[in-house]
$ cat start_3.txt   # compact mmCIF, C-alpha atoms
# COMPACT_ATOMS: atom_id res chain seq x y z
CA MET Q 69 126.66 -9.80 124.29
CA THR Q 70 130.35 -9.75 123.41
CA ARG Q 71 131.05 -7.77 120.23
CA VAL Q 72 133.58 -9.16 117.75
CA PHE Q 73 135.12 -7.39 114.75
CA SER Q 74 137.55 -8.69 112.15
CA GLY Q 75 138.20 -8.38 108.45
CA VAL Q 76 140.08 -9.44 105.36
CA LYS Q 77 142.15 -7.23 103.08
CA PRO Q 78 141.54 -7.60 99.31
CA THR Q 79 145.17 -7.47 98.24
CA GLY Q 80 145.15 -11.00 96.81
CA HIS Q 81 143.14 -14.19 96.57
CA LEU Q 82 142.21 -15.59 99.98
CA THR Q 83 144.26 -18.57 101.10
CA LEU Q 84 144.11 -21.67 103.23
CA GLY Q 85 145.87 -19.60 105.88
CA ASN Q 86 143.03 -17.05 105.90
CA TYR Q 87 140.50 -19.84 106.24
CA LEU Q 88 142.15 -22.00 108.91
CA GLY Q 89 143.57 -19.05 110.80
CA ALA Q 90 140.42 -16.93 110.90
CA MET Q 91 137.43 -17.41 108.62
CA ARG Q 92 136.44 -20.90 109.76
CA ARG Q 93 136.35 -19.82 113.39
CA TRP Q 94 134.30 -16.76 112.49
CA ALA Q 95 131.66 -19.00 110.93
CA ALA Q 96 131.75 -21.88 113.41
CA VAL Q 97 132.15 -19.95 116.65
CA ASP Q 98 132.17 -16.17 116.64
CA GLN Q 99 128.96 -15.41 114.75
CA HIS Q 100 127.02 -17.74 117.07
CA ARG Q 101 128.34 -16.55 120.42
CA SER Q 102 128.66 -12.83 119.83
CA ASP Q 103 127.42 -9.70 118.12
CA ALA Q 104 129.87 -10.08 115.25
CA LEU Q 105 130.95 -7.83 112.37
CA PHE Q 106 133.13 -9.04 109.49
CA CYS Q 107 134.47 -6.59 106.98
CA VAL Q 108 136.28 -6.46 103.65
CA VAL Q 109 138.81 -3.79 104.58
CA ASP Q 110 139.31 -2.37 101.10
CA LEU Q 111 140.77 0.95 102.26
CA HIS Q 112 143.78 -0.97 103.57
CA ALA Q 113 144.42 -2.30 100.06
CA LEU Q 114 145.29 1.23 98.91
CA THR Q 115 148.47 1.45 101.00
CA VAL Q 116 150.54 -0.12 98.21
CA ASP Q 117 150.64 0.16 94.42
CA HIS Q 118 147.46 -1.43 93.10
CA ASP Q 119 145.20 -1.84 90.10
CA PRO Q 120 141.83 -0.22 90.98
CA ALA Q 121 139.85 -2.73 88.93
CA ARG Q 122 141.63 -5.60 90.65
CA VAL Q 123 140.89 -4.21 94.12
CA ARG Q 124 137.19 -4.01 93.24
CA ARG Q 125 137.23 -7.53 91.82
CA LEU Q 126 139.04 -8.97 94.83
CA SER Q 127 136.72 -7.10 97.21
CA ARG Q 128 133.68 -8.75 95.63
CA GLN Q 129 135.41 -12.12 95.69
CA ALA Q 130 136.41 -11.73 99.34
CA ALA Q 131 132.84 -10.86 100.32
CA SER Q 132 131.55 -13.90 98.45
CA LEU Q 133 134.13 -16.14 100.10
CA LEU Q 134 133.21 -14.87 103.56
CA LEU Q 135 129.66 -15.97 102.89
CA ALA Q 136 130.83 -19.21 101.27
CA ALA Q 137 132.87 -19.96 104.39
CA GLY Q 138 129.65 -19.96 106.39
CA LEU Q 139 129.03 -16.42 107.58
CA ASP Q 140 125.27 -15.94 107.86
CA PRO Q 141 123.92 -12.38 107.45
CA GLU Q 142 121.08 -13.37 109.78
CA LEU Q 143 123.65 -13.99 112.53
CA CYS Q 144 126.37 -11.42 111.81
CA THR Q 145 127.07 -8.22 109.88
CA VAL Q 146 129.07 -8.55 106.66
CA PHE Q 147 130.06 -5.35 104.85
CA VAL Q 148 132.72 -3.41 102.98
CA GLN Q 149 134.82 -0.90 104.92
CA SER Q 150 134.63 1.95 102.40
CA HIS Q 151 130.83 1.77 102.44
CA VAL Q 152 130.82 3.05 106.03
CA ASP Q 153 132.22 6.59 106.31
CA GLU Q 154 132.71 6.31 110.07
CA HIS Q 155 135.94 4.35 109.55
CA ALA Q 156 137.67 7.24 107.80
CA ARG Q 157 136.07 9.82 110.11
CA LEU Q 158 137.41 8.14 113.22
CA SER Q 159 140.80 7.36 111.72
CA TYR Q 160 141.83 11.02 111.53
CA VAL Q 161 140.73 11.67 115.11
CA LEU Q 162 142.84 8.74 116.29
CA GLU Q 163 145.81 10.02 114.26
CA CYS Q 164 145.58 13.06 116.52
CA VAL Q 165 146.05 10.74 119.51
CA ALA Q 166 148.71 8.39 118.09
CA THR Q 167 152.40 9.27 117.90
CA ASP Q 168 154.93 9.10 115.10
CA GLY Q 169 157.10 6.76 117.16
CA GLU Q 170 154.27 4.27 117.60
CA MET Q 171 153.66 4.14 113.88
CA ARG Q 172 157.32 3.65 112.99
CA ARG Q 173 157.63 0.75 115.43
CA MET Q 174 154.98 -1.27 113.62
CA ILE Q 175 156.71 -4.40 112.30
CA GLN Q 176 155.01 -4.49 108.89
CA TYR Q 177 155.87 -0.85 108.20
CA LYS Q 178 159.50 -1.36 109.23
CA GLU Q 179 159.88 -4.44 107.02
CA LYS Q 180 158.19 -2.98 103.92
CA ALA Q 181 159.85 0.41 104.25
CA ALA Q 182 163.27 -1.26 104.54
CA ARG Q 183 162.66 -3.31 101.39
CA GLU Q 184 161.65 -0.21 99.46
CA ARG Q 185 164.68 1.74 100.65
CA GLU Q 186 166.91 -1.08 99.39
CA ARG Q 187 165.29 -0.64 95.96
CA GLY Q 188 165.82 3.11 96.09
CA GLY Q 189 162.13 3.88 96.57
CA SER Q 190 159.78 4.85 99.36
CA VAL Q 191 156.42 3.70 100.69
CA ARG Q 192 153.13 5.55 100.76
CA LEU Q 193 152.27 7.59 103.84
CA SER Q 194 149.15 5.47 104.25
CA LEU Q 195 151.34 2.43 104.95
CA LEU Q 196 152.71 4.27 107.98
CA THR Q 197 149.30 5.36 109.25
CA TYR Q 198 147.09 2.42 108.33
CA PRO Q 199 147.41 0.80 111.80
CA VAL Q 200 145.46 3.82 113.05
CA LEU Q 201 142.76 3.12 110.47
CA MET Q 202 142.74 -0.48 111.71
CA ALA Q 203 142.28 0.84 115.24
CA ALA Q 204 139.37 2.95 113.99
CA ASP Q 205 137.85 -0.15 112.37
CA ILE Q 206 137.90 -1.85 115.75
CA LEU Q 207 137.05 0.99 118.13
CA ALA Q 208 134.15 2.42 116.13
CA TYR Q 209 132.01 -0.58 117.05
CA GLY Q 210 132.74 -0.92 120.75
CA THR Q 211 134.56 -4.14 119.93
CA ASP Q 212 135.42 -6.48 122.79
CA GLU Q 213 137.35 -9.14 120.86
CA VAL Q 214 139.37 -9.10 117.64
CA PRO Q 215 140.07 -12.61 116.28
CA VAL Q 216 143.35 -12.26 114.39
CA GLY Q 217 146.46 -14.22 113.47
CA ASP Q 218 149.52 -13.70 115.64
CA ASP Q 219 151.07 -11.38 113.02
CA GLN Q 220 148.31 -8.84 113.67
CA THR Q 221 148.32 -8.76 117.46
CA GLN Q 222 150.64 -5.73 117.48
CA HIS Q 223 147.94 -3.74 115.70
CA VAL Q 224 145.31 -4.76 118.25
CA GLU Q 225 147.70 -3.65 120.99
CA LEU Q 226 147.89 -0.24 119.29
CA ALA Q 227 144.09 -0.06 119.26
CA ARG Q 228 144.10 -0.81 122.99
CA ASP Q 229 146.69 1.88 123.67
CA LEU Q 230 144.80 4.50 121.65
CA ALA Q 231 141.50 3.64 123.34
CA VAL Q 232 143.00 3.99 126.80
CA ARG Q 233 144.79 7.23 125.92
CA PHE Q 234 141.69 8.79 124.35
CA ASN Q 235 139.52 7.77 127.30
CA GLN Q 236 141.98 9.28 129.77
CA ARG Q 237 142.36 12.57 127.89
CA TYR Q 238 138.89 13.20 126.53
CA GLY Q 239 136.47 11.14 128.57
CA HIS Q 240 135.43 7.51 128.39
CA THR Q 241 134.44 6.83 124.78
CA PHE Q 242 135.90 3.51 123.63
CA VAL Q 243 135.77 -0.08 124.76
CA VAL Q 244 139.31 -1.45 125.15
CA PRO Q 245 139.48 -4.53 122.88
CA ARG Q 246 141.55 -7.70 123.15
CA ALA Q 247 142.99 -10.03 120.51
CA THR Q 248 141.89 -13.66 120.30
CA GLY Q 249 143.02 -16.52 118.06
CA PRO Q 250 142.60 -20.25 117.48
CA ALA Q 251 144.85 -22.70 119.31
CA VAL Q 252 146.05 -24.54 116.18
CA ALA Q 253 147.12 -23.17 112.78
CA ALA Q 254 146.81 -19.56 113.87
CA ARG Q 255 149.53 -18.86 111.35
CA VAL Q 256 149.70 -21.23 108.39
CA MET Q 257 153.09 -21.02 106.73
CA ASN Q 258 154.12 -21.05 103.08
CA LEU Q 259 154.56 -24.63 101.87
CA GLN Q 260 157.79 -23.74 100.06
CA ASP Q 261 159.14 -21.39 102.74
CA PRO Q 262 157.86 -22.51 106.15
CA THR Q 263 159.54 -19.56 107.84
CA SER Q 264 157.12 -17.18 106.07
CA LYS Q 265 153.35 -17.06 106.43
CA MET Q 266 151.07 -18.15 103.62
CA GLY Q 267 150.32 -14.61 102.44
CA LYS Q 268 147.64 -13.73 99.92
CA SER Q 269 149.47 -10.71 98.48
CA GLU Q 270 151.56 -12.94 96.22
CA ASP Q 271 149.83 -13.61 92.91
CA THR Q 272 151.32 -17.03 92.30
CA GLY Q 273 153.45 -19.55 94.07
CA PRO Q 274 153.56 -23.28 94.69
CA GLY Q 275 153.70 -22.64 98.44
CA ILE Q 276 150.30 -20.94 98.61
CA VAL Q 277 147.00 -22.82 98.63
CA TYR Q 278 144.17 -20.56 97.53
CA LEU Q 279 140.59 -21.22 98.60
CA LEU Q 280 139.49 -21.48 94.98
CA ASP Q 281 142.30 -23.77 93.83
CA GLU Q 282 141.06 -26.90 92.07
CA PRO Q 283 141.53 -30.13 94.10
CA ASP Q 284 144.32 -31.43 91.87
CA VAL Q 285 146.17 -28.13 92.24
CA VAL Q 286 145.86 -28.36 96.02
CA ARG Q 287 147.19 -31.92 96.01
CA LYS Q 288 150.16 -30.97 93.85
CA LYS Q 289 151.12 -28.04 96.08
CA VAL Q 290 150.91 -30.06 99.29
CA MET Q 291 152.79 -33.04 97.88
CA ARG Q 292 155.60 -30.70 96.81
CA ALA Q 293 155.80 -28.98 100.20
CA VAL Q 294 159.24 -28.44 101.68
CA THR Q 295 159.92 -30.69 104.66
CA ASP Q 296 163.28 -31.31 106.32
CA SER Q 297 166.46 -33.33 106.00
CA GLY Q 298 165.48 -35.87 108.66
CA ARG Q 299 163.39 -38.98 108.04
CA ASP Q 300 161.44 -39.41 111.26
CA VAL Q 301 158.10 -37.63 111.58
CA VAL Q 302 158.16 -35.45 114.70
CA TYR Q 303 156.48 -32.18 115.65
CA ASP Q 304 159.11 -29.51 116.29
CA ARG Q 305 158.24 -26.00 115.15
CA GLU Q 306 161.74 -24.64 115.80
CA GLU Q 307 163.93 -27.35 114.28
CA ARG Q 308 161.54 -28.96 111.74
CA ALA Q 309 159.47 -26.03 110.50
CA GLY Q 310 158.31 -27.58 107.22
CA LEU Q 311 157.15 -30.77 108.86
CA ALA Q 312 155.51 -28.87 111.70
CA ASN Q 313 153.59 -26.76 109.20
CA LEU Q 314 152.13 -29.86 107.52
CA LEU Q 315 151.21 -31.37 110.88
CA GLU Q 316 149.52 -28.15 112.00
CA ILE Q 317 147.56 -27.93 108.76
CA LEU Q 318 146.46 -31.57 109.09
CA ALA Q 319 145.53 -30.99 112.72
CA ALA Q 320 143.50 -27.90 111.86
CA CYS Q 321 141.64 -29.77 109.10
CA THR Q 322 140.93 -32.89 111.13
CA GLY Q 323 140.60 -31.59 114.67
CA GLY Q 324 143.68 -33.47 115.88
CA ASP Q 325 146.80 -32.51 117.80
CA PRO Q 326 150.01 -31.98 115.77
CA ALA Q 327 152.28 -33.86 118.15
CA GLU Q 328 149.90 -36.80 118.44
CA LEU Q 329 149.38 -36.94 114.68
CA ALA Q 330 153.13 -37.13 114.13
CA GLY Q 331 153.22 -40.44 115.99
CA GLY Q 332 150.96 -42.03 113.38
CA TYR Q 333 153.38 -41.60 110.46
CA ASP Q 334 156.64 -43.22 109.52
CA SER Q 335 157.12 -41.36 106.21
CA TYR Q 336 156.79 -37.87 104.84
CA GLY Q 337 154.93 -39.14 101.78
CA ALA Q 338 152.06 -40.61 103.77
CA LEU Q 339 151.75 -37.44 105.83
CA LYS Q 340 151.69 -35.26 102.71
CA LYS Q 341 149.05 -37.44 101.07
CA ASP Q 342 146.76 -37.34 104.10
CA THR Q 343 147.31 -33.60 104.52
CA ALA Q 344 146.49 -32.94 100.87
CA GLU Q 345 143.24 -34.92 101.05
CA ALA Q 346 142.28 -33.23 104.33
CA VAL Q 347 142.78 -29.80 102.77
CA VAL Q 348 140.79 -30.74 99.66
CA GLU Q 349 137.86 -31.95 101.75
CA THR Q 350 138.04 -28.95 104.08
CA LEU Q 351 137.85 -26.51 101.16
CA ARG Q 352 135.30 -28.45 99.08
CA PRO Q 353 132.14 -26.93 100.66
CA VAL Q 354 133.63 -23.43 100.43
CA ARG Q 355 134.34 -23.79 96.72
CA GLU Q 356 130.90 -25.26 96.03
CA ARG Q 357 129.08 -22.52 97.95
CA HIS Q 358 131.20 -19.83 96.26
CA LYS Q 359 130.15 -21.16 92.87
CA GLU Q 360 126.49 -20.85 93.90
CA LEU Q 361 127.00 -17.29 95.09
CA CYS Q 362 128.74 -16.28 91.87
CA ALA Q 363 125.61 -17.37 90.04
CA ASP Q 364 123.54 -14.98 92.18
CA PRO Q 365 125.54 -11.72 92.47
CA GLY Q 366 122.46 -9.76 93.46
CA TYR Q 367 122.28 -11.70 96.71
CA VAL Q 368 125.85 -10.76 97.68
CA GLU Q 369 125.26 -7.11 96.78
CA GLY Q 370 122.13 -7.10 98.95
CA VAL Q 371 124.00 -8.59 101.89
CA LEU Q 372 126.70 -5.92 101.62
CA GLU Q 373 124.18 -3.10 101.35
CA ASP Q 374 122.24 -4.29 104.39
CA GLY Q 375 125.47 -4.93 106.28
CA ALA Q 376 126.78 -1.43 105.62
CA GLY Q 377 123.53 0.06 106.90
CA LYS Q 378 123.70 -1.95 110.11
CA ALA Q 379 127.39 -1.16 110.59
CA ARG Q 380 126.83 2.55 110.02
CA ALA Q 381 124.09 2.66 112.64
CA MET Q 382 126.33 0.90 115.16
CA ALA Q 383 129.42 3.03 114.55
CA ARG Q 384 127.96 6.52 114.23
CA PRO Q 385 127.11 7.15 117.92
CA THR Q 386 130.63 6.20 119.04
CA VAL Q 387 132.33 8.25 116.33
CA ASP Q 388 130.10 11.24 117.04
CA ALA Q 389 130.99 10.93 120.73
CA ALA Q 390 134.70 10.87 119.83
CA TYR Q 391 134.31 14.02 117.74
CA GLN Q 392 132.58 15.79 120.61
CA GLY Q 393 135.07 14.52 123.18
CA ILE Q 394 138.14 15.70 121.30
CA GLY Q 395 136.68 19.17 120.84
CA LEU Q 396 134.99 19.35 117.45
CA LEU Q 397 131.92 21.52 117.04
CA PRO Q 398 128.83 19.51 116.09
CA PRO Q 399 127.07 20.43 112.82
CA ALA Q 400 124.24 22.92 113.04
CA GLY Q 401 121.02 21.13 113.84
CA ALA Q 402 122.75 17.93 114.91
CA SER Q 403 121.16 18.06 118.35
CA ARG Q 404 117.65 18.52 117.01

$ encode --input "start_3.txt" --output "structure tokens"
Amino acid sequence: MTRVFSGVKPTGHLTLGNYLGAMRRWAAVDQHRSDALFCVVDLHALTVDHDPARVRRLSRQAASLLLAAGLDPELCTVFVQSHVDEHARLSYVLECVATDGEMRRMIQYKEKAARERERGGSVRLSLLTYPVLMAADILAYGTDEVPVGDDQTQHVELARDLAVRFNQRYGHTFVVPRATGPAVAARVMNLQDPTSKMGKSEDTGPGIVYLLDEPDVVRKKVMRAVTDSGRDVVYDREERAGLANLLEILAACTGGDPAELAGGYDSYGALKKDTAEAVVETLRPVRERHKELCADPGYVEGVLEDGAGKARAMARPTVDAAYQGIGLLPPAGASR
């Protein structure tokens, strides 16, 4: 069976973009057709300044929202990254295979490092090396497919390169993974800045719809979305980015095609109203299930404990093989 791995980073409240771009597909498709693992990648949240209590709180919330979105622990493995030591173990080994040039070419590092330099500061070393940790997340499980948004495909390409390089130098150890993504709304954009993705790292903002926003808040944000100077409703991602974003969101919520949907509207207001209601109804079951899970925290903790145990058992043989392949002496008694 195909093995799938993906995760969410607890650096902010999960958004409509996280749901339409990834989580919904995980629940509706990936957990049913594959041996799937879904992870709260909390170690990645430490690459920037953070409040430890907030990271813990957001990690619990992210795990609950994964389950609320429809992930079933009977069908897939749901766990927290830091609960499985094999991620950190393998990351260092892969750092010994990766190059400095590869790390510095990563788009997210280049952008964030440039912003910090403009402010007279610098970024943490972990921001430079975290793509290797992401590669370890993927390769530890013999992953075949990594469902990600298009902004993360560069990191999957790095995982592929490191797997091939390690296999060539030290013997076949890793499966070479590939990135996959949904056809529509793979990258939901900010409602107020449709040239930027709807990122969860921002604490507030009228352009971001959070999964736990109340329905009236969702409606207000969508109705105030930036569109364009024209009046006709057409689907053109390059020239009419704001309008295209609304059409893609509506299409993702209703199962339609953005270009075909555009033909059914003669005003921006009607499109915004229908998009707002579609988003509210799409998120309603997630919010309701999340409320139920919050009332039973012991259930979520049990799922994460069981998931970490399953993940550990899957990852350890591959990581042990990588340690042996690269030349590390096994612990005394390990072969007995």

$ residues_around --input "start_3.txt" --residues "stretch 162-174 of chain Q" --least-positions-apart "4" --cutoff "9 Å" --atoms "only C-alpha atoms" --output "list in words"
Leu158, Lys178, Glu179, Leu196, Thr197, Tyr198, Pro199, Val200, Leu201, Ala203, Ala204, Gln222, His223, Leu226, Asp229, Leu230, Ala231, Arg233 and Phe234 of chain Q

$ write_last_selection --input "start_3.txt" --atoms "C-alpha atoms" --output "compact mmCIF listing (two decimals), in the coordinates of the input"
# COMPACT_ATOMS: atom_id res chain seq x y z
CA LEU Q 158 137.41 8.14 113.22
CA LYS Q 178 159.50 -1.36 109.23
CA GLU Q 179 159.88 -4.44 107.02
CA LEU Q 196 152.71 4.27 107.98
CA THR Q 197 149.30 5.36 109.25
CA TYR Q 198 147.09 2.42 108.33
CA PRO Q 199 147.41 0.80 111.80
CA VAL Q 200 145.46 3.82 113.05
CA LEU Q 201 142.76 3.12 110.47
CA ALA Q 203 142.28 0.84 115.24
CA ALA Q 204 139.37 2.95 113.99
CA GLN Q 222 150.64 -5.73 117.48
CA HIS Q 223 147.94 -3.74 115.70
CA LEU Q 226 147.89 -0.24 119.29
CA ASP Q 229 146.69 1.88 123.67
CA LEU Q 230 144.80 4.50 121.65
CA ALA Q 231 141.50 3.64 123.34
CA ARG Q 233 144.79 7.23 125.92
CA PHE Q 234 141.69 8.79 124.35

$ atom_distance --input "start_3.txt" --atom1 "atom CA of Q:Glu316" --atom2 "atom CA of Q:Leu84"
12.2 Å

$ atom_distance --input "start_3.txt" --atom1 "atom CA of Q:Asp153" --atom2 "atom CA of Q:Val72"
19.5 Å

$ residues_around --input "start_3.txt" --residues "stretch 88-95 of chain Q" --least-positions-apart "5" --cutoff "10 Å" --atoms "all atoms listed in the file" --output "PyMOL selection string"
chain Q and resi 72-76+83+100-101+104-106+133-140+143-144+215-218+249-256+317+320-321+347+350-351

$ atom_distance --input "start_3.txt" --atom1 "atom CA of Q:Gln129" --atom2 "atom CA of Q:Cys362"
8.7 Å

$ closest_residue --input "start_3.txt" --among "Q:Thr322, Q:Gln99, Q:Ser264, Q:Thr211" --to "Q:Phe242" --atoms "all atoms listed in the file"
Q:Thr211

$ closest_residue --input "start_3.txt" --among "Q:Arg128, Q:Arg305, Q:Lys77, Q:Arg157" --to "Q:Val371" --atoms "only C-alpha atoms"
Q:Arg128

$ closest_residue --input "start_3.txt" --among "Q:Leu280, Q:Leu193, Q:Val97, Q:Val243" --to "Q:Glu356" --atoms "only C-alpha atoms"
Q:Leu280

$ closest_residue --input "start_3.txt" --among "Q:Ala96, Q:Ala319, Q:Leu207, Q:Val302" --to "Q:Thr386" --atoms "only C-alpha atoms"
Q:Leu207

$ closest_residue --input "start_3.txt" --among "Q:Arg292, Q:Leu315, Q:Gly267, Q:Leu279" --to "Q:Tyr87" --atoms "only C-alpha atoms"
Q:Leu279

$ closest_residue --input "start_3.txt" --among "Q:Gly332, Q:Gly393, Q:Pro399, Q:Gly85" --to "Q:Asn313" --atoms "only C-alpha atoms"
Q:Gly85

$ residues_near_point --input "start_3.txt" --point "(156.3, -24.2, 99.3)" --cutoff "6 Å" --atoms "only C-alpha atoms" --output "list in words"
Asn258, Leu259, Gln260, Asp261, Pro274, Gly275, Ala293 and Val294 of chain Q

$ residues_around --input "start_3.txt" --residues "Q:Ser297" --least-positions-apart "6" --cutoff "12 Å" --atoms "all atoms listed in the file" --output "list in words"
Glu307, Arg308, Ala309, Gly310, Leu311 and Tyr336 of chain Q

$ residues_near_point --input "start_3.txt" --point "(125.1, -9.5, 119.7)" --cutoff "6 Å" --atoms "only C-alpha atoms" --output "list in words"
Met69, Ser102 and Asp103 of chain Q

$ build_atoms --input "start_3.txt" --residues "stretch 79-99 of chain Q" --atoms "N, CA, C and O atoms" --output "PDB file, keeping the file's coordinate frame"
ATOM      1  N   THR Q  79     143.927  -7.712  98.972  1.00  0.00           N
ATOM      2  CA  THR Q  79     145.170  -7.470  98.240  1.00  0.00           C
ATOM      3  C   THR Q  79     145.601  -8.701  97.441  1.00  0.00           C
ATOM      4  O   THR Q  79     146.624  -8.664  96.755  1.00  0.00           O
ATOM      5  N   GLY Q  80     144.840  -9.774  97.541  1.00  0.00           N
ATOM      6  CA  GLY Q  80     145.150 -11.000  96.810  1.00  0.00           C
ATOM      7  C   GLY Q  80     144.049 -12.000  97.055  1.00  0.00           C
ATOM      8  O   GLY Q  80     143.119 -11.763  97.832  1.00  0.00           O
ATOM      9  N   HIS Q  81     144.136 -13.147  96.388  1.00  0.00           N
ATOM     10  CA  HIS Q  81     143.140 -14.190  96.570  1.00  0.00           C
ATOM     11  C   HIS Q  81     143.288 -14.809  97.954  1.00  0.00           C
ATOM     12  O   HIS Q  81     144.407 -15.070  98.412  1.00  0.00           O
ATOM     13  N   LEU Q  82     142.176 -15.050  98.622  1.00  0.00           N
ATOM     14  CA  LEU Q  82     142.210 -15.590  99.980  1.00  0.00           C
ATOM     15  C   LEU Q  82     142.779 -17.006  99.968  1.00  0.00           C
ATOM     16  O   LEU Q  82     142.566 -17.781  99.039  1.00  0.00           O
ATOM     17  N   THR Q  83     143.488 -17.335 101.038  1.00  0.00           N
ATOM     18  CA  THR Q  83     144.260 -18.570 101.100  1.00  0.00           C
ATOM     19  C   THR Q  83     143.773 -19.510 102.190  1.00  0.00           C
ATOM     20  O   THR Q  83     142.949 -19.157 103.038  1.00  0.00           O
ATOM     21  N   LEU Q  84     144.360 -20.702 102.169  1.00  0.00           N
ATOM     22  CA  LEU Q  84     144.110 -21.670 103.230  1.00  0.00           C
ATOM     23  C   LEU Q  84     144.454 -21.072 104.589  1.00  0.00           C
ATOM     24  O   LEU Q  84     143.779 -21.340 105.588  1.00  0.00           O
ATOM     25  N   GLY Q  85     145.496 -20.247 104.634  1.00  0.00           N
ATOM     26  CA  GLY Q  85     145.870 -19.600 105.880  1.00  0.00           C
ATOM     27  C   GLY Q  85     144.770 -18.682 106.393  1.00  0.00           C
ATOM     28  O   GLY Q  85     144.476 -18.648 107.592  1.00  0.00           O
ATOM     29  N   ASN Q  86     144.155 -17.908 105.499  1.00  0.00           N
ATOM     30  CA  ASN Q  86     143.030 -17.050 105.900  1.00  0.00           C
ATOM     31  C   ASN Q  86     141.887 -17.878 106.466  1.00  0.00           C
ATOM     32  O   ASN Q  86     141.243 -17.491 107.451  1.00  0.00           O
ATOM     33  N   TYR Q  87     141.637 -19.021 105.835  1.00  0.00           N
ATOM     34  CA  TYR Q  87     140.500 -19.840 106.240  1.00  0.00           C
ATOM     35  C   TYR Q  87     140.754 -20.542 107.577  1.00  0.00           C
ATOM     36  O   TYR Q  87     139.957 -20.424 108.517  1.00  0.00           O
ATOM     37  N   LEU Q  88     141.875 -21.265 107.684  1.00  0.00           N
ATOM     38  CA  LEU Q  88     142.150 -22.000 108.910  1.00  0.00           C
ATOM     39  C   LEU Q  88     142.494 -21.075 110.066  1.00  0.00           C
ATOM     40  O   LEU Q  88     142.173 -21.371 111.220  1.00  0.00           O
ATOM     41  N   GLY Q  89     143.148 -19.956 109.755  1.00  0.00           N
ATOM     42  CA  GLY Q  89     143.570 -19.050 110.800  1.00  0.00           C
ATOM     43  C   GLY Q  89     142.484 -18.119 111.311  1.00  0.00           C
ATOM     44  O   GLY Q  89     142.586 -17.593 112.414  1.00  0.00           O
ATOM     45  N   ALA Q  90     141.411 -17.931 110.507  1.00  0.00           N
ATOM     46  CA  ALA Q  90     140.420 -16.930 110.900  1.00  0.00           C
ATOM     47  C   ALA Q  90     139.008 -17.260 110.449  1.00  0.00           C
ATOM     48  O   ALA Q  90     138.098 -17.426 111.268  1.00  0.00           O
ATOM     49  N   MET Q  91     138.790 -17.386 109.159  1.00  0.00           N
ATOM     50  CA  MET Q  91     137.430 -17.410 108.620  1.00  0.00           C
ATOM     51  C   MET Q  91     136.593 -18.578 109.151  1.00  0.00           C
ATOM     52  O   MET Q  91     135.400 -18.427 109.422  1.00  0.00           O
ATOM     53  N   ARG Q  92     137.200 -19.742 109.290  1.00  0.00           N
ATOM     54  CA  ARG Q  92     136.440 -20.900 109.760  1.00  0.00           C
ATOM     55  C   ARG Q  92     135.946 -20.680 111.181  1.00  0.00           C
ATOM     56  O   ARG Q  92     134.807 -21.024 111.514  1.00  0.00           O
ATOM     57  N   ARG Q  93     136.771 -20.098 112.018  1.00  0.00           N
ATOM     58  CA  ARG Q  93     136.350 -19.820 113.390  1.00  0.00           C
ATOM     59  C   ARG Q  93     135.241 -18.769 113.414  1.00  0.00           C
ATOM     60  O   ARG Q  93     134.311 -18.860 114.217  1.00  0.00           O
ATOM     61  N   TRP Q  94     135.359 -17.766 112.537  1.00  0.00           N
ATOM     62  CA  TRP Q  94     134.300 -16.760 112.490  1.00  0.00           C
ATOM     63  C   TRP Q  94     132.946 -17.413 112.254  1.00  0.00           C
ATOM     64  O   TRP Q  94     131.952 -17.062 112.896  1.00  0.00           O
ATOM     65  N   ALA Q  95     132.922 -18.357 111.298  1.00  0.00           N
ATOM     66  CA  ALA Q  95     131.660 -19.000 110.930  1.00  0.00           C
ATOM     67  C   ALA Q  95     131.201 -20.006 111.975  1.00  0.00           C
ATOM     68  O   ALA Q  95     130.014 -20.080 112.302  1.00  0.00           O
ATOM     69  N   ALA Q  96     132.124 -20.799 112.508  1.00  0.00           N
ATOM     70  CA  ALA Q  96     131.750 -21.880 113.410  1.00  0.00           C
ATOM     71  C   ALA Q  96     131.508 -21.423 114.838  1.00  0.00           C
ATOM     72  O   ALA Q  96     130.697 -22.014 115.558  1.00  0.00           O
ATOM     73  N   VAL Q  97     132.204 -20.343 115.242  1.00  0.00           N
ATOM     74  CA  VAL Q  97     132.150 -19.950 116.650  1.00  0.00           C
ATOM     75  C   VAL Q  97     131.652 -18.521 116.838  1.00  0.00           C
ATOM     76  O   VAL Q  97     130.633 -18.277 117.478  1.00  0.00           O
ATOM     77  N   ASP Q  98     132.381 -17.568 116.275  1.00  0.00           N
ATOM     78  CA  ASP Q  98     132.170 -16.170 116.640  1.00  0.00           C
ATOM     79  C   ASP Q  98     130.795 -15.637 116.290  1.00  0.00           C
ATOM     80  O   ASP Q  98     130.198 -14.892 117.074  1.00  0.00           O
ATOM     81  N   GLN Q  99     130.258 -15.967 115.130  1.00  0.00           N
ATOM     82  CA  GLN Q  99     128.960 -15.410 114.750  1.00  0.00           C
ATOM     83  C   GLN Q  99     127.821 -15.976 115.597  1.00  0.00           C
ATOM     84  O   GLN Q  99     126.749 -15.380 115.667  1.00  0.00           O
TER      85      GLN Q  99
END
